[in-house]
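Source file: coords17.cif (mmCIF, C-alpha atoms)
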```cif
data_target
loop_
_atom_site.label_atom_id
_atom_site.label_comp_id
_atom_site.auth_asym_id
_atom_site.auth_seq_id
_atom_site.Cartn_x
_atom_site.Cartn_y
_atom_site.Cartn_z
CA MET A 189 -3.31 -49.39 50.21
CA ASN A 190 -2.81 -47.08 53.24
CA HIS A 191 -5.20 -44.19 53.77
CA GLN A 192 -4.29 -41.20 55.91
CA THR A 193 -6.62 -40.33 58.80
CA HIS A 194 -5.61 -36.66 58.94
CA ALA A 195 -6.12 -33.63 56.68
CA PHE A 196 -2.46 -32.80 56.07
CA HIS A 197 -0.25 -33.45 53.06
CA MET A 198 2.71 -35.79 53.51
CA VAL A 199 4.65 -35.02 50.35
CA ASN A 200 6.61 -37.61 48.35
CA PRO A 201 10.40 -37.29 48.66
CA SER A 202 11.47 -34.71 46.09
CA PRO A 203 14.81 -33.84 44.48
CA TRP A 204 13.89 -30.19 43.81
CA PRO A 205 15.07 -28.64 47.09
CA LEU A 206 18.51 -30.14 46.41
CA THR A 207 18.66 -29.06 42.76
CA GLY A 208 17.34 -25.63 43.77
CA ALA A 209 20.03 -25.19 46.41
CA LEU A 210 22.75 -26.38 44.05
CA SER A 211 21.52 -24.04 41.32
CA ALA A 212 21.78 -21.17 43.85
CA LEU A 213 25.40 -22.21 44.48
CA LEU A 214 26.08 -22.21 40.75
CA ILE A 215 24.45 -18.80 40.25
CA THR A 216 26.44 -17.17 43.04
CA SER A 217 29.78 -18.78 42.20
CA GLY A 218 28.92 -18.08 38.56
CA LEU A 219 28.61 -14.37 39.41
CA THR A 220 32.11 -14.52 40.87
CA MET A 221 33.42 -16.21 37.71
CA TRP A 222 31.73 -13.51 35.63
CA PHE A 223 32.93 -10.55 37.67
CA HIS A 224 36.51 -11.71 38.21
CA PHE A 225 37.38 -14.34 35.63
CA ASN A 226 35.49 -13.25 32.51
CA SER A 227 33.40 -16.44 32.17
CA MET A 228 29.61 -16.71 32.09
CA THR A 229 29.37 -20.52 31.82
CA LEU A 230 28.79 -21.29 35.47
CA MET A 231 26.21 -18.55 35.94
CA LEU A 232 24.22 -19.57 32.85
CA LEU A 233 24.35 -23.19 34.01
CA GLY A 234 23.00 -22.10 37.38
CA LEU A 235 20.21 -20.01 35.86
CA LEU A 236 19.16 -22.88 33.60
CA ALA A 237 19.17 -25.35 36.50
CA CYS A 238 17.18 -22.86 38.60
CA ILE A 239 14.51 -22.44 35.92
CA MET A 240 14.25 -26.21 35.45
CA THR A 241 13.90 -26.69 39.22
CA MET A 242 11.17 -24.05 39.47
CA TYR A 243 9.26 -25.54 36.52
CA GLN A 244 9.30 -29.07 37.95
CA TRP A 245 8.68 -28.06 41.58
CA TRP A 246 5.59 -26.01 40.72
CA ARG A 247 4.45 -28.61 38.17
CA ASP A 248 4.53 -31.17 41.00
CA ILE A 249 2.46 -28.88 43.26
CA VAL A 250 -0.19 -28.62 40.53
CA ARG A 251 -0.16 -32.42 40.25
CA GLU A 252 -0.49 -32.85 44.02
CA GLY A 253 -3.33 -30.33 44.30
CA THR A 254 -5.37 -30.55 41.12
CA TYR A 255 -4.74 -34.16 40.12
CA GLN A 256 -4.22 -35.94 43.45
CA GLY A 257 -6.55 -33.89 45.66
CA HIS A 258 -4.06 -33.28 48.45
CA HIS A 259 -5.01 -29.61 48.91
CA THR A 260 -7.68 -29.99 51.59
CA PRO A 261 -9.00 -26.81 53.28
CA THR A 262 -6.41 -27.35 56.03
CA VAL A 263 -3.59 -27.61 53.52
CA GLN A 264 -4.91 -24.60 51.63
CA LYS A 265 -4.85 -22.58 54.85
CA GLY A 266 -1.15 -23.40 55.20
CA LEU A 267 -0.52 -22.34 51.61
CA ARG A 268 -2.30 -19.05 52.30
CA TYR A 269 -0.14 -18.42 55.37
CA GLY A 270 2.91 -19.23 53.27
CA MET A 271 2.04 -16.78 50.52
CA VAL A 272 1.22 -14.02 53.01
CA LEU A 273 4.53 -14.52 54.83
CA PHE A 274 6.41 -14.50 51.53
CA ILE A 275 4.79 -11.23 50.45
CA ILE A 276 5.59 -9.72 53.86
CA SER A 277 9.24 -10.68 53.34
CA GLU A 278 9.13 -8.92 49.96
CA VAL A 279 7.71 -5.82 51.65
CA PHE A 280 10.78 -5.77 53.91
CA PHE A 281 13.01 -6.27 50.86
CA PHE A 282 11.62 -3.12 49.24
CA ALA A 283 11.57 -1.27 52.57
CA GLY A 284 15.37 -1.41 52.50
CA PHE A 285 15.55 0.37 49.16
CA PHE A 286 13.04 3.00 50.23
CA TRP A 287 15.11 3.51 53.39
CA ALA A 288 18.21 4.07 51.26
CA PHE A 289 16.34 6.56 49.06
CA TYR A 290 14.94 8.58 51.96
CA HIS A 291 18.24 8.47 53.86
CA SER A 292 20.02 10.16 50.96
CA SER A 293 17.24 12.43 49.72
CA LEU A 294 15.99 13.89 53.02
CA ALA A 295 19.46 15.20 53.93
CA PRO A 296 21.37 15.71 50.66
CA THR A 297 25.12 16.00 51.27
CA PRO A 298 27.25 19.01 50.21
CA GLU A 299 28.77 16.81 47.49
CA LEU A 300 25.32 16.68 45.86
CA GLY A 301 24.92 20.43 46.15
CA GLY A 302 22.87 20.23 49.34
CA TYR A 303 19.62 19.67 47.43
CA TRP A 304 17.62 16.86 45.80
CA PRO A 305 17.58 16.01 42.92
CA PRO A 306 21.37 16.41 43.10
CA ALA A 307 23.33 18.85 40.96
CA GLY A 308 23.54 17.74 37.34
CA ILE A 309 20.58 15.34 37.49
CA ASN A 310 17.56 15.95 35.23
CA PRO A 311 14.85 13.74 36.68
CA LEU A 312 12.11 12.22 34.52
CA ASN A 313 8.89 14.22 34.30
CA PRO A 314 6.46 12.44 36.62
CA THR A 315 3.42 13.56 34.59
CA GLU A 316 4.59 11.81 31.42
CA VAL A 317 5.32 8.06 31.04
CA PRO A 318 5.49 7.40 34.82
CA LEU A 319 1.91 8.68 35.19
CA LEU A 320 0.78 6.48 32.29
CA ASN A 321 2.48 3.53 34.01
CA THR A 322 0.57 4.33 37.18
CA ALA A 323 -2.71 4.29 35.27
CA ILE A 324 -1.74 0.99 33.61
CA LEU A 325 -1.06 -0.79 36.89
CA LEU A 326 -4.18 0.62 38.54
CA ALA A 327 -6.23 -0.57 35.56
CA SER A 328 -4.61 -4.00 35.83
CA GLY A 329 -5.72 -4.12 39.45
CA VAL A 330 -9.29 -3.57 38.27
CA SER A 331 -9.05 -6.23 35.53
CA ILE A 332 -7.64 -8.84 37.89
CA THR A 333 -10.51 -8.17 40.33
CA TRP A 334 -12.91 -8.66 37.43
CA ALA A 335 -11.14 -11.95 36.68
CA HIS A 336 -11.54 -13.13 40.26
CA HIS A 337 -15.24 -12.32 40.39
CA SER A 338 -15.78 -14.02 37.02
CA LEU A 339 -13.96 -17.09 38.38
CA MET A 340 -16.13 -17.21 41.50
CA GLU A 341 -19.25 -16.87 39.34
CA GLY A 342 -18.18 -19.57 36.90
CA HIS A 343 -17.89 -17.33 33.79
CA ARG A 344 -15.08 -19.14 32.00
CA LYS A 345 -14.81 -16.79 29.01
CA HIS A 346 -14.73 -13.66 31.20
CA VAL A 347 -11.96 -15.13 33.33
CA ILE A 348 -9.86 -15.73 30.23
CA GLN A 349 -10.54 -12.25 28.80
CA SER A 350 -9.88 -10.33 32.02
CA LEU A 351 -6.79 -12.37 32.92
CA LEU A 352 -5.44 -11.78 29.43
CA THR A 353 -6.16 -8.04 29.82
CA THR A 354 -4.22 -8.00 33.10
CA ILE A 355 -1.23 -9.77 31.55
CA ILE A 356 -1.20 -7.46 28.51
CA LEU A 357 -1.27 -4.41 30.81
CA GLY A 358 1.66 -5.88 32.74
CA ILE A 359 3.64 -6.41 29.55
CA TYR A 360 2.75 -2.89 28.37
CA PHE A 361 4.10 -1.49 31.67
CA THR A 362 7.32 -3.46 31.27
CA LEU A 363 7.86 -2.30 27.69
CA LEU A 364 7.22 1.35 28.60
CA GLN A 365 9.56 1.12 31.58
CA ALA A 366 12.26 -0.49 29.42
CA SER A 367 11.94 2.38 26.96
CA GLU A 368 12.20 4.89 29.84
CA TYR A 369 15.37 3.16 31.02
CA PHE A 370 16.82 3.41 27.55
CA GLU A 371 15.93 7.08 27.09
CA ALA A 372 16.75 8.31 30.61
CA PRO A 373 19.32 11.13 30.71
CA PHE A 374 20.97 9.59 33.80
CA THR A 375 22.44 6.14 34.51
CA ILE A 376 22.88 3.85 37.49
CA SER A 377 26.40 5.18 37.98
CA ASP A 378 25.23 8.78 38.32
CA GLY A 379 25.82 9.00 42.05
CA ILE A 380 23.35 8.12 44.73
CA TYR A 381 20.42 9.38 42.64
CA GLY A 382 21.17 6.89 39.88
CA SER A 383 21.78 4.06 42.34
CA THR A 384 18.59 4.52 44.33
CA PHE A 385 16.47 5.15 41.22
CA PHE A 386 17.59 2.17 39.17
CA VAL A 387 17.92 -0.36 42.00
CA ALA A 388 14.46 0.42 43.43
CA THR A 389 12.65 0.67 40.07
CA GLY A 390 14.75 -2.16 38.64
CA PHE A 391 13.77 -4.64 41.33
CA HIS A 392 10.18 -3.46 40.97
CA GLY A 393 10.35 -4.15 37.22
CA LEU A 394 11.70 -7.63 37.93
CA HIS A 395 8.73 -8.24 40.21
CA VAL A 396 6.34 -7.06 37.48
CA ILE A 397 7.90 -9.67 35.18
CA ILE A 398 7.60 -12.36 37.87
CA GLY A 399 3.99 -11.37 38.53
CA SER A 400 3.14 -11.38 34.82
CA THR A 401 4.68 -14.86 34.53
CA PHE A 402 2.64 -16.09 37.50
CA LEU A 403 -0.53 -14.66 35.89
CA THR A 404 0.34 -16.35 32.58
CA VAL A 405 0.65 -19.70 34.37
CA CYS A 406 -2.79 -19.03 35.88
CA LEU A 407 -4.18 -18.28 32.41
CA ILE A 408 -2.82 -21.59 31.10
CA ARG A 409 -4.28 -23.45 34.08
CA GLN A 410 -7.63 -21.72 33.55
CA LEU A 411 -7.60 -22.81 29.90
CA LEU A 412 -6.90 -26.36 31.08
CA PHE A 413 -9.87 -26.34 33.48
CA HIS A 414 -7.76 -26.57 36.63
CA PHE A 415 -9.69 -23.93 38.61
CA THR A 416 -13.16 -24.35 40.10
CA SER A 417 -15.39 -21.54 41.31
CA LYS A 418 -14.74 -22.58 44.90
CA HIS A 419 -11.09 -23.72 44.75
CA HIS A 420 -8.53 -21.62 42.91
CA PHE A 421 -5.84 -20.69 45.41
CA GLY A 422 -3.12 -20.49 42.75
CA PHE A 423 -5.07 -17.68 41.13
CA GLU A 424 -5.63 -15.91 44.45
CA ALA A 425 -1.92 -16.11 45.27
CA ALA A 426 -1.10 -14.56 41.87
CA ALA A 427 -3.70 -11.83 42.47
CA TRP A 428 -2.28 -10.99 45.91
CA TYR A 429 1.20 -10.81 44.43
CA TRP A 430 -0.01 -8.59 41.59
CA HIS A 431 -1.71 -6.14 43.99
CA PHE A 432 1.55 -6.03 46.04
CA VAL A 433 3.50 -5.14 42.88
CA ASP A 434 0.94 -2.40 42.15
CA VAL A 435 1.24 -0.94 45.67
CA VAL A 436 5.06 -0.93 45.51
CA TRP A 437 4.80 1.04 42.26
CA LEU A 438 2.49 3.59 43.91
CA PHE A 439 5.07 4.12 46.67
CA LEU A 440 7.85 4.38 44.06
CA TYR A 441 5.86 6.87 42.01
CA VAL A 442 4.98 9.12 44.93
CA SER A 443 8.44 8.95 46.60
CA ILE A 444 11.02 8.78 43.82
CA TYR A 445 9.26 10.09 40.73
CA TRP A 446 7.07 12.78 42.24
CA TRP A 447 8.47 13.95 45.60
CA GLY A 448 12.00 13.14 44.45
CA SER A 449 11.82 15.48 41.47
CA MET B 329 13.94 -51.45 35.13
CA LEU B 330 10.65 -52.02 36.88
CA ARG B 331 10.21 -48.23 37.10
CA ASN B 332 10.54 -47.99 33.32
CA LEU B 333 7.98 -50.75 32.82
CA LEU B 334 5.56 -48.99 35.14
CA ALA B 335 6.10 -45.72 33.28
CA LEU B 336 5.48 -47.48 29.97
CA ARG B 337 2.19 -48.78 31.28
CA GLN B 338 1.16 -45.25 32.26
CA ILE B 339 1.85 -43.90 28.79
CA ALA B 340 -0.22 -46.65 27.20
CA GLN B 341 -3.15 -45.51 29.30
CA ARG B 342 -3.06 -41.97 27.91
CA THR B 343 -6.01 -41.20 25.64
CA ILE B 344 -5.27 -39.40 22.42
CA SER B 345 -7.00 -36.06 22.24
CA THR B 346 -9.60 -35.48 19.57
CA ALA B 347 -10.44 -31.96 20.72
CA SER B 348 -11.00 -29.43 17.98
CA ARG B 349 -8.39 -26.78 17.53
CA ARG B 350 -10.44 -23.82 18.77
CA HIS B 351 -11.82 -25.24 22.02
CA PHE B 352 -9.97 -26.82 24.91
CA GLU B 353 -11.16 -30.17 26.13
CA ASN B 354 -11.25 -30.80 29.88
CA LYS B 355 -8.58 -33.44 30.41
CA VAL B 356 -8.42 -33.06 34.20
CA PRO B 357 -10.31 -36.32 34.95
CA GLN B 358 -7.82 -38.30 32.85
CA LYS B 359 -4.91 -36.61 34.61
CA GLN B 360 -6.52 -37.34 37.97
CA LYS B 361 -6.75 -41.02 37.04
CA LEU B 362 -3.13 -41.10 35.89
CA PHE B 363 -1.74 -39.44 39.00
CA GLN B 364 -3.90 -41.35 41.45
CA GLU B 365 -2.87 -44.76 40.17
CA ASP B 366 -1.61 -46.89 43.03
CA ASN B 367 1.89 -47.67 41.71
CA ASP B 368 4.19 -46.06 44.33
CA ILE B 369 5.80 -43.83 41.70
CA PRO B 370 6.71 -40.45 43.30
CA VAL B 371 4.84 -37.46 41.92
CA HIS B 372 7.90 -35.97 40.19
CA LEU B 373 8.18 -39.07 37.98
CA LYS B 374 4.55 -40.12 37.76
CA GLY B 375 3.71 -38.28 34.54
CA GLY B 376 5.69 -40.57 32.27
CA VAL B 377 9.06 -41.00 30.55
CA ALA B 378 9.53 -37.27 29.97
CA ASP B 379 9.55 -36.73 33.74
CA GLY B 380 12.51 -39.05 34.14
CA LEU B 381 14.42 -37.40 31.31
CA LEU B 382 13.84 -33.91 32.70
CA TYR B 383 14.83 -35.09 36.19
CA ARG B 384 18.03 -36.65 34.90
CA ALA B 385 18.87 -33.55 32.89
CA THR B 386 18.34 -31.31 35.93
CA MET B 387 20.48 -33.53 38.18
CA PHE B 388 23.20 -33.71 35.54
CA LEU B 389 23.34 -29.93 35.25
CA THR B 390 23.31 -29.26 39.00
CA VAL B 391 25.67 -32.02 40.16
CA GLY B 392 27.95 -31.56 37.15
CA GLY B 393 27.86 -27.82 37.63
CA THR B 394 28.77 -28.18 41.31
CA ALA B 395 31.79 -30.32 40.37
CA TYR B 396 32.77 -27.66 37.81
CA ALA B 397 32.38 -24.90 40.43
CA ILE B 398 34.63 -26.77 42.87
CA TYR B 399 37.18 -27.30 40.08
CA GLN B 400 37.14 -23.56 39.29
CA LEU B 401 37.59 -22.86 43.00
CA ALA B 402 40.65 -25.10 43.06
CA VAL B 403 42.09 -23.39 39.98
CA ALA B 404 41.44 -19.94 41.45
CA SER B 405 42.97 -20.95 44.79
CA PHE B 406 46.40 -21.66 43.31
CA PRO B 407 47.18 -18.76 40.96
CA LYS B 408 50.14 -19.18 38.63
CA LYS B 409 53.03 -17.06 39.97
CA PRO B 410 54.46 -14.65 37.39
CA GLU B 411 58.13 -15.49 36.46
#
```

When written as structure tokens, how does the structure in this file appear?
Amino acid sequence: MNHQTHAFHMVNPSPWPLTGALSALLITSGLTMWFHFNSMTLMLLGLLACIMTMYQWWRDIVREGTYQGHHTPTVQKGLRYGMVLFIISEVFFFAGFFWAFYHSSLAPTPELGGYWPPAGINPLNPTEVPLLNTAILLASGVSITWAHHSLMEGHRKHVIQSLLTTIILGIYFTLLQASEYFEAPFTISDGIYGSTFFVATGFHGLHVIIGSTFLTVCLIRQLLFHFTSKHHFGFEAAAWYWHFVDVVWLFLYVSIYWWGS
Amino acid sequence: MLRNLLALRQIAQRTISTASRRHFENKVPQKQKLFQEDNDIPVHLKGGVADGLLYRATMFLTVGGTAYAIYQLAVASFPKKPE
């Protein structure tokens, strides 16, 4: 049997980059079929293939790290760089939507009445549900920090409790936001106000769902004894992502909900 | 064929859990043994028969879906002219 004499991870050939790329093709061409030809088959096929690819790709990473021991400190450093760079790319993604919001709201056109919020728009009261949502996400930031410290100190039960608390807070946020969307007196097609509001908060909501899913995977892995007090990068990556989602919300709340009303 | 035999051998090595319902048993050492076995099976298939089935299903959906997408492209490229 050959043994490597370096600290890096030479991965086995994997089919998931190919299936992932093909699923992206199916999702995008599926969107075309849905928009122009009244058929959702291709898009649903693509979404299913995408979910299956993600499940198997990440499952394999868990196998390589936790079961095969390939995640040496050197490899873990690379994974850390990777997660940081990914989150930075997400920051730029949201920066675009904030740019759009400020572009339109700092100099409202005559068509809008020359002021912001535009004529005819009744914005949501920032001291009601949006403020509760702010408190929920801030609290979830506290609970996830508690989870991390419990993990580093080896308190298994506390990790499970605090991680569960964080996930429940995330779900609570999502449900409240969904209810706000349903009850809002304006829609996405209500001019530039509706567009900027729903696209920015909508993508944020999607990221809350992604983050909650990531945390749930961490909870399952914690239950299965995957994490040690010294080595738990998957959890740290989820925590970084969750804090990022929290910070984006704070910017959304201050800019769109508060200043923008 | 040989791959299937190797996979069958891996399944036979799995211990049946006797953990009580309320508490999780640490099965990581058994998983580590399974995935570190020197049998040249790539990691995406090394867990057993289910891996192969899931892999085949994923490939079927993606490759089949791509063929379907190209077919739809061909159909859309030659619209039927109204009489």

Point to revise | Expected selection from the PyMOL selection byres ((chain A) within 8 of (chain B)), given as a PyMOL selection string | key: chain A and resi 189+200-202+207+210-211+213-214+217-218+230+233-234+237+240-241+244+248+251-252+254-256+411-414

Output of the PyMOL selection byres ((chain A and resi 421-434) around 7), listed as a PDB file with C-alpha atoms, keeping the file's coordinate frame:
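As a result, expr21.pdb now contains:
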```
ATOM      1  CA  MET A 271       2.040 -16.780  50.520  1.00  0.00           C
ATOM      2  CA  LEU A 325      -1.060  -0.790  36.890  1.00  0.00           C
ATOM      3  CA  LEU A 326      -4.180   0.620  38.540  1.00  0.00           C
ATOM      4  CA  GLY A 329      -5.720  -4.120  39.450  1.00  0.00           C
ATOM      5  CA  ILE A 332      -7.640  -8.840  37.890  1.00  0.00           C
ATOM      6  CA  HIS A 395       8.730  -8.240  40.210  1.00  0.00           C
ATOM      7  CA  VAL A 396       6.340  -7.060  37.480  1.00  0.00           C
ATOM      8  CA  GLY A 399       3.990 -11.370  38.530  1.00  0.00           C
ATOM      9  CA  PHE A 402       2.640 -16.090  37.500  1.00  0.00           C
ATOM     10  CA  LEU A 403      -0.530 -14.660  35.890  1.00  0.00           C
ATOM     11  CA  CYS A 406      -2.790 -19.030  35.880  1.00  0.00           C
ATOM     12  CA  HIS A 419     -11.090 -23.720  44.750  1.00  0.00           C
ATOM     13  CA  HIS A 420      -8.530 -21.620  42.910  1.00  0.00           C
ATOM     14  CA  VAL A 435       1.240  -0.940  45.670  1.00  0.00           C
ATOM     15  CA  VAL A 436       5.060  -0.930  45.510  1.00  0.00           C
ATOM     16  CA  TRP A 437       4.800   1.040  42.260  1.00  0.00           C
ATOM     17  CA  LEU A 438       2.490   3.590  43.910  1.00  0.00           C
TER      18      LEU A 438
END
```

Check your understanding: Which value, in Å to one decimal, gives the distance between CA of Ser338 (chain A) and CA of Ile324 (chain A)?
Key ->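 That distance, rounded to one decimal, is 20.8 Å.
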
Point to revise | Exercise: Lys345 (chain A) partners within 10 Å, all atoms listed in the file, chain neighbours under 4 positions left out, as a list in words | key: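 The neighbour list is Ala335, Ser338, Leu339, Gln349, Ser350, Leu351, Gln410 and Leu411 of chain A.
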
Check your understanding: So how many Å separate CA of Leu364 (chain A) and CA of Ile380 (chain A), to one decimal?
Key ->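 CA of Leu364 (chain A) sits 23.8 Å away from CA of Ile380 (chain A).
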
Review point. In Å to one decimal, how far is CA of Ala366 (chain A) from CA of Gly393 (chain A)?
Key: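 Computed distance, CA of Gly393 (chain A) to CA of Ala366 (chain A), equals 8.8 Å.
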
Point to revise | Residues in the PyMOL selection byres ((chain A and resi 390) around 12), expressed as JSON, numbers by chain | key: {"A": [282, 285, 362, 365, 366, 368, 369, 376, 382, 383, 384, 385, 386, 387, 388, 389, 391, 392, 393, 394, 395, 396, 397, 436, 437, 440]}

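Here the question is which of A:Leu219, A:Leu320, A:Val263, A:Met198 gets nearest to Tyr360 (chain A) using only C-alpha atoms, and that residue is A:Leu320.
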